[in-house]
Number of protein chains: 2
Amino acid sequence: MAFDAIETPFGKIDRIVGGSATYVAYAASNFLQPILQVSIVGGDFPKEEMAEMRRRGIELDGVEIKKDKKSFFWSGKYHMDMNTRDTLVTDLNVLLEFNPVLPASYQGSEFLMLGNLDPVIQRKVIEQLEERPKLIVMDTMNFWMEVAMAELQKTLKLVDVLLINDSEARQLSGQFSLVKAAKAILKMGPKYLIIKKGEHGALLFYGDQVFFAPALPLEEVFDPTGAGDTFAGGFIGHIARTGDISFENMKRGIIVGSAMASYCVEKFGPERLKEITREDIDNRIQQFVQLVNFDIELV
Amino acid sequence: MAFDAIETPFGKIDRIVGGSATYVAYAASNFLQPILQVSIVGGDFPKEEMAEMRRRGIELDGVEIKKDKKSFFWSGKYHMDMNTRDTLVTDLNVLLEFNPVLPASYQGSEFLMLGNLDPVIQRKVIEQLEERPKLIVMDTMNFWMEVAMAELQKTLKLVDVLLINDSEARQLSGQFSLVKAAKAILKMGPKYLIIKKGEHGALLFYGDQVFFAPALPLEEVFDPTGAGDTFAGGFIGHIARTGDISFENMKRGIIVGSAMASYCVEKFGPERLKEITREDIDNRIQQFVQLVNFDIELV
């Protein structure tokens, strides 16, 4: 849970609530509640935002508030193609002293989504759960591959689903072909691998099986910040709501995640996620069905 | 119909048969025969290749042979990502004097596929057909947008389906968003627009409808040369075999084209296309069905 400053070819905002846990929670809370949040913020994090989260069934007992410190702050600028961005500022602030302590009320959680963060911290959360969740999903990024590969590999052994983008999959595996990259990564611990390709959709690998979900072709991508986290929130939200961790249901989770992400990019930060209804989500899922639906007889 | 010299990160070949008409014809001949070829070659074009084409039901009455001239020659080198390439040599040779004359036996053709070439020459073929074909599909490239935009726009008004890649769609329309690009291009003449995105699949636009077909995630892309033409050949081959020019059937055509293209890239030039059987094609189409198949209830 953090603040972002964002510049895109379409606009600029100096300060908006962000952070992967924020996006994951807002997205997932559409599918089931409560969401049990674990994070750390400074005294500057808006009370109203926390009230809004609680209204949406997001419990904040596991969110530490450092009253006289500042929240994590990231600032970035997107290029015209919206697939690449430059990081302008990263102020870790409270993240420097993040040592998550799980409230007793969080015990028994069946589904755990680990947002992108230091793999040591991600592992601390896993290890505090007395009973292993039914499914552990983990996000990470190239930064941790560069500075903490050994720790990252330890954490990878503990998770079921890894969620990364295509360049991260290439970096983690040392393979250019995504099919070869997936084979290598599935030997590192996770049984499922989701490779996000931004506007080019997402791939789900499981054993020798592969599923592909497109991204919805959009007239405009206003701000891609948080789209990957929103995808993750929709995915885990769908899986947790249905309680079904089969490959078939993970496919559906990816479509749901893609639908949520397609809303996220329509406005700055998580704003759009707070406006949409169940009906909006259903409509968008229906668009995905139409987008890839074909009926073919063999030649 | 031409010669190519190709260098990829995986190998190098100094001279292999190529050219868009070659790939289109080899791909389409799997679905119906005869294919009525229109092209020009030099005296250097191999007799054995022409015999092979005839064996596959590709009629060559419309292929002019300039005995003491050389065939078109292209040489290129692919980068590691296989999505970008440098052109090393372009020797137009016989193409400089290409003035296609349609044999009388070609009259009455119901389906016309115009490979990438000077839009003036493409138009000459359309204009020689006494009866307008049921469907005219056209490929083009950025080069013609740069040197012959006015001629290109004239030809665009005469075709039903335009087939281009994503960067060409952006260049032709002046729009970065592919959805906006498609809207603009559909006002230029074609009723259908197929945007090829290489390893990221293809989009079909028609009115307000859109269909997306993924590319098959492959372990290795050995040589992408001709993949776009092979896609076109599979597409028009399927449409012509079924005689059905509905949007629904064009979706199937795109899946068939994608399946053919996924074979094309496995070997240098059109080699792989000459090896595969109907059963291979069916198997690959089945893989596409599996790749995107999901079954979802609304949330």
# chains A, B, ... in the order shown; residues from 1 in each chain; ligands from 1
>>> residues_around(residues="segment 194-196 of chain B", least_positions_apart="3", cutoff="6 Å", atoms="only C-alpha atoms", output="PyMOL selection string")
chain B and resi 163-166+202-204
>>> interface_residues(of="chain B", to="chain A", cutoff="9 Å", atoms="only C-alpha atoms", output="number ranges by chain")
B: 31, 80-81, 176-180, 197, 200-201, 203, 209-214, 216-221, 238, 248-249, 251-252, 255-256, 278-279, 281-283, 285-286, 289-299
>>> closest_residue(among="B:Leu95, B:Val38, B:Ile126, B:Ala27", to="Glu59 of chain B", atoms="only C-alpha atoms")
B:Val38
>>> residues_around(residues="segment 87-89 of chain B", least_positions_apart="4", cutoff="9 Å", atoms="only C-alpha atoms", output="list in words")
Ala5, Phe73, Trp74, Ser75, Gly76, Lys77 and Tyr78 of chain B
>>> residues_around(residues="Met149 of chain B", least_positions_apart="2", cutoff="12 Å", atoms="only C-alpha atoms", output="JSON, numbers by chain")
{"B": [118, 119, 120, 140, 141, 142, 143, 144, 145, 146, 147, 151, 152, 153, 154, 155, 156, 171, 172, 173, 188]}
>>> select_by_dssp(residues="segment 85-246 of chain B", states="helix (DSSP H, G or I)", output="VMD selection string")
chain B and resid 93 to 97 104 to 106 119 to 128 142 to 147 149 to 156 166 to 173 178 to 185 198 to 200 227 to 242
>>> atom_distance(atom1="atom CA of Thr22 of chain B", atom2="atom CA of Pro133 of chain B")
21.2 Å
